[in-house]
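S.K.: One file: structure38.txt (compact mmCIF, N, CA and C atoms).
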```
# COMPACT_ATOMS: atom_id res chain seq x y z
N SER A 30 108.50 76.85 74.27
CA SER A 30 108.68 78.26 74.60
C SER A 30 110.14 78.52 74.94
N SER A 31 110.63 79.63 74.53
CA SER A 31 112.04 79.94 74.72
C SER A 31 112.21 80.91 75.88
N PRO A 32 113.43 81.04 76.39
CA PRO A 32 113.68 81.98 77.49
C PRO A 32 113.30 83.41 77.13
N ALA A 33 113.30 83.74 75.86
CA ALA A 33 112.95 85.09 75.45
C ALA A 33 111.50 85.42 75.79
N HIS A 34 110.66 84.37 75.91
CA HIS A 34 109.25 84.60 76.21
C HIS A 34 108.98 84.72 77.70
N SER A 35 109.97 84.48 78.53
CA SER A 35 109.73 84.42 79.98
C SER A 35 109.29 85.75 80.56
N GLY A 36 109.57 86.86 79.91
CA GLY A 36 109.16 88.15 80.43
C GLY A 36 107.81 88.60 79.92
N GLN A 37 107.22 87.83 79.00
CA GLN A 37 105.94 88.22 78.44
C GLN A 37 104.80 87.81 79.35
N LYS A 38 103.65 88.46 79.16
CA LYS A 38 102.47 88.16 79.94
C LYS A 38 102.02 86.72 79.68
N ALA A 39 101.57 86.03 80.71
CA ALA A 39 101.12 84.65 80.57
C ALA A 39 99.90 84.59 79.66
N SER A 40 99.85 83.59 78.83
CA SER A 40 98.74 83.46 77.90
C SER A 40 97.77 82.37 78.34
N GLY A 41 97.79 82.02 79.63
CA GLY A 41 96.90 80.99 80.12
C GLY A 41 97.52 79.61 80.11
N ARG A 42 98.62 79.44 79.44
CA ARG A 42 99.33 78.15 79.41
C ARG A 42 100.41 78.17 80.47
N ALA A 43 100.49 77.11 81.25
CA ALA A 43 101.41 77.06 82.39
C ALA A 43 102.86 77.29 81.98
N HIS A 44 103.28 76.74 80.85
CA HIS A 44 104.69 76.87 80.48
C HIS A 44 105.02 78.24 79.92
N ALA A 45 104.04 79.11 79.73
CA ALA A 45 104.30 80.45 79.22
C ALA A 45 104.32 81.50 80.34
N MET A 46 104.29 81.05 81.59
CA MET A 46 104.26 81.98 82.71
C MET A 46 105.62 82.64 82.91
N PRO A 47 105.62 83.84 83.46
CA PRO A 47 106.89 84.47 83.81
C PRO A 47 107.62 83.61 84.85
N ALA A 48 108.93 83.77 84.92
CA ALA A 48 109.75 82.94 85.81
C ALA A 48 109.29 83.03 87.26
N ALA A 49 108.95 84.23 87.74
CA ALA A 49 108.53 84.40 89.13
C ALA A 49 107.25 83.62 89.42
N ALA A 50 106.32 83.61 88.49
CA ALA A 50 105.07 82.88 88.69
C ALA A 50 105.32 81.37 88.57
N ALA A 51 106.19 80.97 87.68
CA ALA A 51 106.49 79.55 87.51
C ALA A 51 107.08 78.96 88.78
N ALA A 52 107.84 79.76 89.52
CA ALA A 52 108.44 79.30 90.77
C ALA A 52 107.36 78.99 91.80
N GLN A 53 106.16 79.47 91.58
CA GLN A 53 105.07 79.24 92.52
C GLN A 53 104.23 78.02 92.16
N GLN A 54 104.68 77.21 91.22
CA GLN A 54 103.99 75.98 90.84
C GLN A 54 104.72 74.80 91.45
N LEU A 55 103.93 73.81 91.86
CA LEU A 55 104.52 72.57 92.35
C LEU A 55 104.95 71.74 91.16
N PRO A 56 106.15 71.16 91.17
CA PRO A 56 106.59 70.33 90.05
C PRO A 56 105.61 69.18 89.80
N SER A 57 105.48 68.77 88.56
CA SER A 57 104.57 67.69 88.18
C SER A 57 105.04 66.34 88.73
N LYS A 58 104.14 65.36 88.71
CA LYS A 58 104.49 63.99 89.13
C LYS A 58 105.65 63.46 88.29
N GLU A 59 105.60 63.77 87.00
CA GLU A 59 106.63 63.27 86.09
C GLU A 59 108.00 63.85 86.44
N VAL A 60 108.04 65.14 86.74
CA VAL A 60 109.31 65.78 87.11
C VAL A 60 109.81 65.23 88.44
N LEU A 61 108.90 65.06 89.41
CA LEU A 61 109.28 64.56 90.72
C LEU A 61 109.86 63.15 90.66
N SER A 62 109.39 62.33 89.73
CA SER A 62 109.88 60.96 89.65
C SER A 62 110.98 60.77 88.60
N SER A 63 111.32 61.83 87.88
CA SER A 63 112.35 61.75 86.86
C SER A 63 113.74 61.74 87.48
N ARG A 64 114.58 60.83 87.02
CA ARG A 64 115.96 60.78 87.51
C ARG A 64 116.85 61.73 86.71
N SER A 65 116.31 62.30 85.62
CA SER A 65 117.13 63.21 84.82
C SER A 65 116.88 64.68 85.18
N ALA A 66 115.89 64.93 86.04
CA ALA A 66 115.60 66.30 86.45
C ALA A 66 116.70 66.82 87.38
N ASP A 67 116.92 68.11 87.36
CA ASP A 67 117.90 68.76 88.24
C ASP A 67 117.29 68.80 89.65
N GLU A 68 117.77 67.92 90.53
CA GLU A 68 117.18 67.80 91.86
C GLU A 68 117.23 69.09 92.65
N ARG A 69 118.28 69.86 92.48
CA ARG A 69 118.41 71.13 93.17
C ARG A 69 117.28 72.07 92.75
N GLU A 70 117.08 72.20 91.44
CA GLU A 70 116.02 73.06 90.93
C GLU A 70 114.64 72.60 91.38
N VAL A 71 114.41 71.29 91.29
CA VAL A 71 113.12 70.73 91.70
C VAL A 71 112.87 71.02 93.17
N PHE A 72 113.87 70.78 94.02
CA PHE A 72 113.69 71.03 95.44
C PHE A 72 113.44 72.51 95.72
N LEU A 73 114.18 73.38 95.07
CA LEU A 73 113.98 74.82 95.29
C LEU A 73 112.58 75.26 94.86
N GLU A 74 112.05 74.66 93.81
CA GLU A 74 110.67 74.96 93.39
C GLU A 74 109.68 74.50 94.46
N ILE A 75 109.87 73.30 94.98
CA ILE A 75 108.99 72.77 96.03
C ILE A 75 109.04 73.67 97.25
N ARG A 76 110.25 74.00 97.68
CA ARG A 76 110.42 74.82 98.88
C ARG A 76 109.77 76.19 98.71
N SER A 77 109.98 76.81 97.57
CA SER A 77 109.38 78.11 97.28
C SER A 77 107.85 78.02 97.29
N TRP A 78 107.33 76.96 96.69
CA TRP A 78 105.89 76.75 96.62
C TRP A 78 105.30 76.60 98.02
N VAL A 79 105.93 75.76 98.85
CA VAL A 79 105.44 75.53 100.21
C VAL A 79 105.54 76.81 101.04
N LYS A 80 106.69 77.48 100.98
CA LYS A 80 106.89 78.71 101.77
C LYS A 80 105.86 79.78 101.41
N ALA A 81 105.50 79.88 100.14
CA ALA A 81 104.53 80.88 99.70
C ALA A 81 103.13 80.60 100.24
N ARG A 82 102.88 79.35 100.66
CA ARG A 82 101.54 78.96 101.10
C ARG A 82 101.44 78.61 102.58
N GLN A 83 102.55 78.49 103.28
CA GLN A 83 102.50 77.95 104.64
C GLN A 83 101.83 78.87 105.65
N HIS A 84 101.76 80.15 105.40
CA HIS A 84 101.17 81.06 106.39
C HIS A 84 99.70 81.39 106.10
N GLY A 85 99.21 80.98 104.93
CA GLY A 85 97.79 81.19 104.61
C GLY A 85 96.93 80.23 105.40
N GLN A 86 95.86 80.70 105.97
CA GLN A 86 94.98 79.87 106.80
C GLN A 86 94.42 78.70 105.99
N GLY A 87 94.90 77.50 106.24
CA GLY A 87 94.40 76.31 105.58
C GLY A 87 94.80 76.17 104.11
N GLU A 88 95.69 77.02 103.64
CA GLU A 88 96.04 77.00 102.22
C GLU A 88 96.74 75.71 101.80
N LEU A 89 97.68 75.23 102.62
CA LEU A 89 98.37 73.98 102.27
C LEU A 89 97.41 72.80 102.27
N ALA A 90 96.46 72.78 103.19
CA ALA A 90 95.48 71.70 103.22
C ALA A 90 94.60 71.73 101.96
N ARG A 91 94.19 72.92 101.54
CA ARG A 91 93.39 73.04 100.31
C ARG A 91 94.19 72.58 99.10
N GLU A 92 95.45 72.95 99.06
CA GLU A 92 96.31 72.54 97.94
C GLU A 92 96.45 71.02 97.91
N ALA A 93 96.57 70.40 99.09
CA ALA A 93 96.70 68.94 99.16
C ALA A 93 95.45 68.27 98.60
N GLN A 94 94.30 68.81 98.94
CA GLN A 94 93.04 68.24 98.46
C GLN A 94 92.89 68.40 96.95
N ALA A 95 93.53 69.41 96.38
CA ALA A 95 93.45 69.63 94.94
C ALA A 95 94.37 68.69 94.15
N LEU A 96 95.35 68.09 94.84
CA LEU A 96 96.29 67.17 94.19
C LEU A 96 95.80 65.73 94.33
N ASP A 97 96.06 64.92 93.32
CA ASP A 97 95.70 63.51 93.46
C ASP A 97 96.75 62.81 94.34
N ALA A 98 96.38 61.63 94.81
CA ALA A 98 97.25 60.88 95.72
C ALA A 98 98.60 60.55 95.09
N GLU A 99 98.61 60.24 93.81
CA GLU A 99 99.87 59.93 93.13
C GLU A 99 100.82 61.12 93.12
N HIS A 100 100.29 62.32 92.96
CA HIS A 100 101.14 63.52 92.95
C HIS A 100 101.72 63.74 94.35
N ARG A 101 100.89 63.60 95.37
CA ARG A 101 101.39 63.75 96.75
C ARG A 101 102.42 62.67 97.07
N LYS A 102 102.18 61.44 96.62
CA LYS A 102 103.14 60.35 96.85
C LYS A 102 104.46 60.65 96.15
N SER A 103 104.41 61.14 94.92
CA SER A 103 105.64 61.50 94.18
C SER A 103 106.41 62.58 94.92
N LEU A 104 105.69 63.54 95.48
CA LEU A 104 106.33 64.62 96.23
C LEU A 104 107.03 64.07 97.48
N PHE A 105 106.32 63.23 98.25
CA PHE A 105 106.93 62.65 99.45
C PHE A 105 108.10 61.74 99.09
N ASP A 106 107.97 60.94 98.04
CA ASP A 106 109.08 60.08 97.62
C ASP A 106 110.32 60.91 97.30
N PHE A 107 110.12 62.00 96.58
CA PHE A 107 111.23 62.88 96.22
C PHE A 107 111.87 63.48 97.48
N LEU A 108 111.04 64.04 98.36
CA LEU A 108 111.56 64.70 99.57
C LEU A 108 112.24 63.71 100.52
N CYS A 109 111.69 62.50 100.63
CA CYS A 109 112.29 61.51 101.54
C CYS A 109 113.62 60.97 101.03
N SER A 110 113.79 60.92 99.72
CA SER A 110 115.03 60.39 99.16
C SER A 110 116.09 61.47 98.93
N LEU A 111 115.69 62.72 98.94
CA LEU A 111 116.62 63.81 98.66
C LEU A 111 117.81 63.88 99.63
N PRO A 112 117.61 63.78 100.94
CA PRO A 112 118.76 63.89 101.85
C PRO A 112 119.86 62.86 101.57
N GLU A 113 119.49 61.68 101.12
CA GLU A 113 120.47 60.64 100.81
C GLU A 113 121.27 61.02 99.55
N ARG A 114 120.56 61.58 98.57
CA ARG A 114 121.21 61.93 97.30
C ARG A 114 121.90 63.29 97.35
N LYS A 115 121.35 64.22 98.09
CA LYS A 115 121.89 65.59 98.17
C LYS A 115 121.94 66.01 99.64
N PRO A 116 122.93 65.53 100.40
CA PRO A 116 122.99 65.81 101.84
C PRO A 116 122.96 67.30 102.19
N ILE A 117 123.39 68.15 101.29
CA ILE A 117 123.40 69.58 101.59
C ILE A 117 121.99 70.12 101.84
N PHE A 118 120.99 69.43 101.30
CA PHE A 118 119.60 69.88 101.47
C PHE A 118 118.88 69.16 102.62
N HIS A 119 119.62 68.39 103.42
CA HIS A 119 118.99 67.58 104.45
C HIS A 119 118.11 68.39 105.39
N SER A 120 118.61 69.45 105.99
CA SER A 120 117.79 70.18 106.96
C SER A 120 116.63 70.91 106.31
N GLN A 121 116.83 71.42 105.11
CA GLN A 121 115.73 72.10 104.43
C GLN A 121 114.66 71.09 104.01
N ALA A 122 115.08 69.92 103.54
CA ALA A 122 114.12 68.87 103.16
C ALA A 122 113.35 68.40 104.38
N ARG A 123 114.04 68.27 105.51
CA ARG A 123 113.37 67.88 106.77
C ARG A 123 112.31 68.89 107.16
N GLU A 124 112.63 70.16 107.00
CA GLU A 124 111.67 71.22 107.34
C GLU A 124 110.40 71.09 106.50
N ILE A 125 110.55 70.92 105.20
CA ILE A 125 109.40 70.81 104.30
C ILE A 125 108.64 69.51 104.57
N LEU A 126 109.37 68.42 104.75
CA LEU A 126 108.73 67.13 105.06
C LEU A 126 107.90 67.22 106.34
N SER A 127 108.48 67.80 107.38
CA SER A 127 107.77 67.93 108.66
C SER A 127 106.50 68.75 108.50
N LEU A 128 106.60 69.82 107.76
CA LEU A 128 105.46 70.70 107.55
C LEU A 128 104.32 69.99 106.82
N LEU A 129 104.65 69.31 105.72
CA LEU A 129 103.62 68.64 104.93
C LEU A 129 103.11 67.37 105.61
N ALA A 130 104.01 66.57 106.16
CA ALA A 130 103.63 65.31 106.79
C ALA A 130 102.79 65.53 108.05
N GLY A 131 102.89 66.71 108.62
CA GLY A 131 102.13 67.04 109.82
C GLY A 131 100.68 67.39 109.53
N GLN A 132 100.31 67.41 108.26
CA GLN A 132 98.94 67.76 107.87
C GLN A 132 98.22 66.54 107.30
N PRO A 133 97.12 66.13 107.92
CA PRO A 133 96.39 64.93 107.47
C PRO A 133 96.00 64.96 105.98
N ALA A 134 95.69 66.12 105.45
CA ALA A 134 95.28 66.20 104.04
C ALA A 134 96.42 65.77 103.11
N TRP A 135 97.65 66.04 103.50
CA TRP A 135 98.80 65.64 102.66
C TRP A 135 99.06 64.15 102.74
N ARG A 136 98.76 63.55 103.88
CA ARG A 136 99.04 62.12 104.09
C ARG A 136 97.89 61.22 103.66
N SER A 137 96.72 61.78 103.40
CA SER A 137 95.55 60.96 103.10
C SER A 137 95.80 60.06 101.89
N GLY A 138 95.19 58.90 101.94
CA GLY A 138 95.36 57.94 100.85
C GLY A 138 96.58 57.05 101.02
N GLY A 139 97.19 57.08 102.20
CA GLY A 139 98.35 56.23 102.46
C GLY A 139 99.55 56.51 101.57
N VAL A 140 99.78 57.78 101.26
CA VAL A 140 100.85 58.15 100.33
C VAL A 140 102.24 58.23 100.97
N LEU A 141 102.29 58.11 102.30
CA LEU A 141 103.57 58.26 102.99
C LEU A 141 103.79 57.14 103.98
N ASP A 142 104.90 56.44 103.84
CA ASP A 142 105.28 55.35 104.73
C ASP A 142 105.98 55.95 105.95
N ASP A 143 105.47 55.65 107.15
CA ASP A 143 106.03 56.23 108.38
C ASP A 143 107.50 55.88 108.59
N ALA A 144 107.90 54.67 108.23
CA ALA A 144 109.30 54.26 108.41
C ALA A 144 110.21 55.06 107.48
N VAL A 145 109.76 55.29 106.25
CA VAL A 145 110.54 56.07 105.28
C VAL A 145 110.64 57.52 105.76
N LEU A 146 109.52 58.05 106.25
CA LEU A 146 109.53 59.42 106.77
C LEU A 146 110.48 59.54 107.95
N SER A 147 110.40 58.60 108.86
CA SER A 147 111.27 58.62 110.04
C SER A 147 112.74 58.61 109.65
N ALA A 148 113.09 57.76 108.68
CA ALA A 148 114.48 57.69 108.22
C ALA A 148 114.91 59.02 107.59
N ALA A 149 114.03 59.64 106.84
CA ALA A 149 114.37 60.91 106.18
C ALA A 149 114.52 62.05 107.19
N LEU A 150 113.83 61.95 108.31
CA LEU A 150 113.88 63.02 109.31
C LEU A 150 115.02 62.86 110.31
N THR A 151 115.72 61.73 110.28
CA THR A 151 116.83 61.52 111.21
C THR A 151 118.06 62.30 110.76
N ALA A 152 119.03 62.39 111.65
CA ALA A 152 120.27 63.10 111.36
C ALA A 152 120.99 62.46 110.19
N PRO A 153 121.79 63.24 109.48
CA PRO A 153 122.56 62.69 108.34
C PRO A 153 123.48 61.55 108.79
N ARG A 154 123.75 60.64 107.87
CA ARG A 154 124.63 59.50 108.16
C ARG A 154 126.09 59.94 108.25
N LYS A 155 126.91 59.06 108.84
CA LYS A 155 128.34 59.36 108.93
C LYS A 155 128.92 59.58 107.54
N GLY A 156 129.92 60.42 107.48
CA GLY A 156 130.53 60.74 106.20
C GLY A 156 129.93 61.98 105.57
N SER A 157 128.85 62.50 106.16
CA SER A 157 128.24 63.70 105.60
C SER A 157 128.96 64.93 106.13
N ALA A 158 128.58 66.07 105.63
CA ALA A 158 129.24 67.33 106.01
C ALA A 158 129.09 67.64 107.49
N SER A 159 128.04 67.12 108.13
CA SER A 159 127.84 67.45 109.54
C SER A 159 128.68 66.61 110.49
N SER A 160 129.44 65.67 109.98
CA SER A 160 130.27 64.82 110.85
C SER A 160 131.74 65.15 110.69
N ARG A 161 132.04 66.43 110.65
CA ARG A 161 133.43 66.86 110.43
C ARG A 161 134.30 66.74 111.67
N THR A 162 133.72 66.77 112.85
CA THR A 162 134.53 66.72 114.06
C THR A 162 135.25 65.39 114.14
N GLY A 163 136.44 65.41 114.61
CA GLY A 163 137.21 64.18 114.75
C GLY A 163 137.92 63.77 113.47
N SER A 164 137.88 64.62 112.46
CA SER A 164 138.52 64.24 111.21
C SER A 164 140.05 64.34 111.34
N MET A 165 140.51 65.13 112.29
CA MET A 165 141.95 65.26 112.53
C MET A 165 142.21 65.05 114.02
N PRO A 166 143.18 64.29 114.37
CA PRO A 166 143.44 64.07 115.80
C PRO A 166 143.69 65.40 116.50
N SER A 167 143.22 65.50 117.74
CA SER A 167 143.41 66.76 118.46
C SER A 167 144.89 67.00 118.66
N GLY A 168 145.30 68.22 118.50
CA GLY A 168 146.71 68.57 118.65
C GLY A 168 147.50 68.38 117.38
N ALA A 169 146.93 67.74 116.38
CA ALA A 169 147.66 67.52 115.12
C ALA A 169 147.76 68.85 114.36
N ARG A 170 148.86 69.04 113.71
CA ARG A 170 149.06 70.28 112.96
C ARG A 170 149.41 69.94 111.52
N ALA A 171 148.97 70.79 110.65
CA ALA A 171 149.33 70.61 109.25
C ALA A 171 150.79 70.94 109.07
N PRO A 172 151.49 70.23 108.19
CA PRO A 172 152.94 70.48 108.01
C PRO A 172 153.24 71.86 107.46
```
Starting from the coordinates I provided, produce the structure as structure tokens.
M.R.:
Amino acid sequence: SSPAHSGQKASGRAHAMPAAAAAQQLPSKEVLSSRSADEREVFLEIRSWVKARQHGQGELAREAQALDAEHRKSLFDFLCSLPERKPIFHSQAREILSLLAGQPAWRSGGVLDDAVLSAALTAPRKGSASSRTGSMPSGARAP
């Protein structure tokens, strides 16, 4: 399907959906585990999907039950590794991780390692954008 079809009515096939509706789909297991996928786009799709469902009574739990364990594991693997690869998304990834990991339905089947989750939820490592203080001695002036 080409971009020209993106404004047309969906014909029942997922890839023929309008762009706004497509943003409401969770990326597939294959996309989540692909190293060639645009991580920024994938993360924004995940975040949009979660945000659209987080206020519905039990909606995220129902969605978790509809996904197989491998899909949930792929999602957690992607979210846990994202802060290391894309530090700019660290706080947003932490927010989504905390939200999903806090629900038993998402964690069922042993899809999330507590040590990996803990590491992903900690503050960014040195050298990241959040450790800018002390980069120049106090009182130092640019020439």
S.K.: Which of these, A:Leu55, A:Ala95, A:Ala134, A:Leu111, has the shortest distance to Ala148 of chain A once you count only C-alpha atoms?
M.R.: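 Looking only at the distances to Ala148 of chain A, the closest residue turns out to be A:Leu111.
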S.K.: Take atom CA of Pro116 of chain A and atom CA of Gln132 of chain A and report the distance between them in Å, one decimal.
M.R.: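 So the answer is 24.9 Å.
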S.K.: Would you mind listing what lies within 8 Å of segment 62-74 of chain A as a PyMOL selection string, with all atoms listed in the file counted and same-chain residues fewer than 2 positions away left out?
M.R.: chain A and resi 51-60+76-80+103-104+106-108+111+115
S.K.: Between A:Arg123, A:Glu113, A:Lys102, A:Glu92, which residue has the minimum interatomic distance to Val140 of chain A, considering only N, CA and C atoms?
M.R.: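 Closest to Val140 of chain A, using only N, CA and C atoms: A:Lys102.
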S.K.: Please measure the separation of atom C of Gln94 of chain A and atom CA of Ser137 of chain A, giving the value in Å to one decimal.
M.R.: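 According to the coordinates, atom C of Gln94 of chain A and atom CA of Ser137 of chain A are separated by 10.0 Å.
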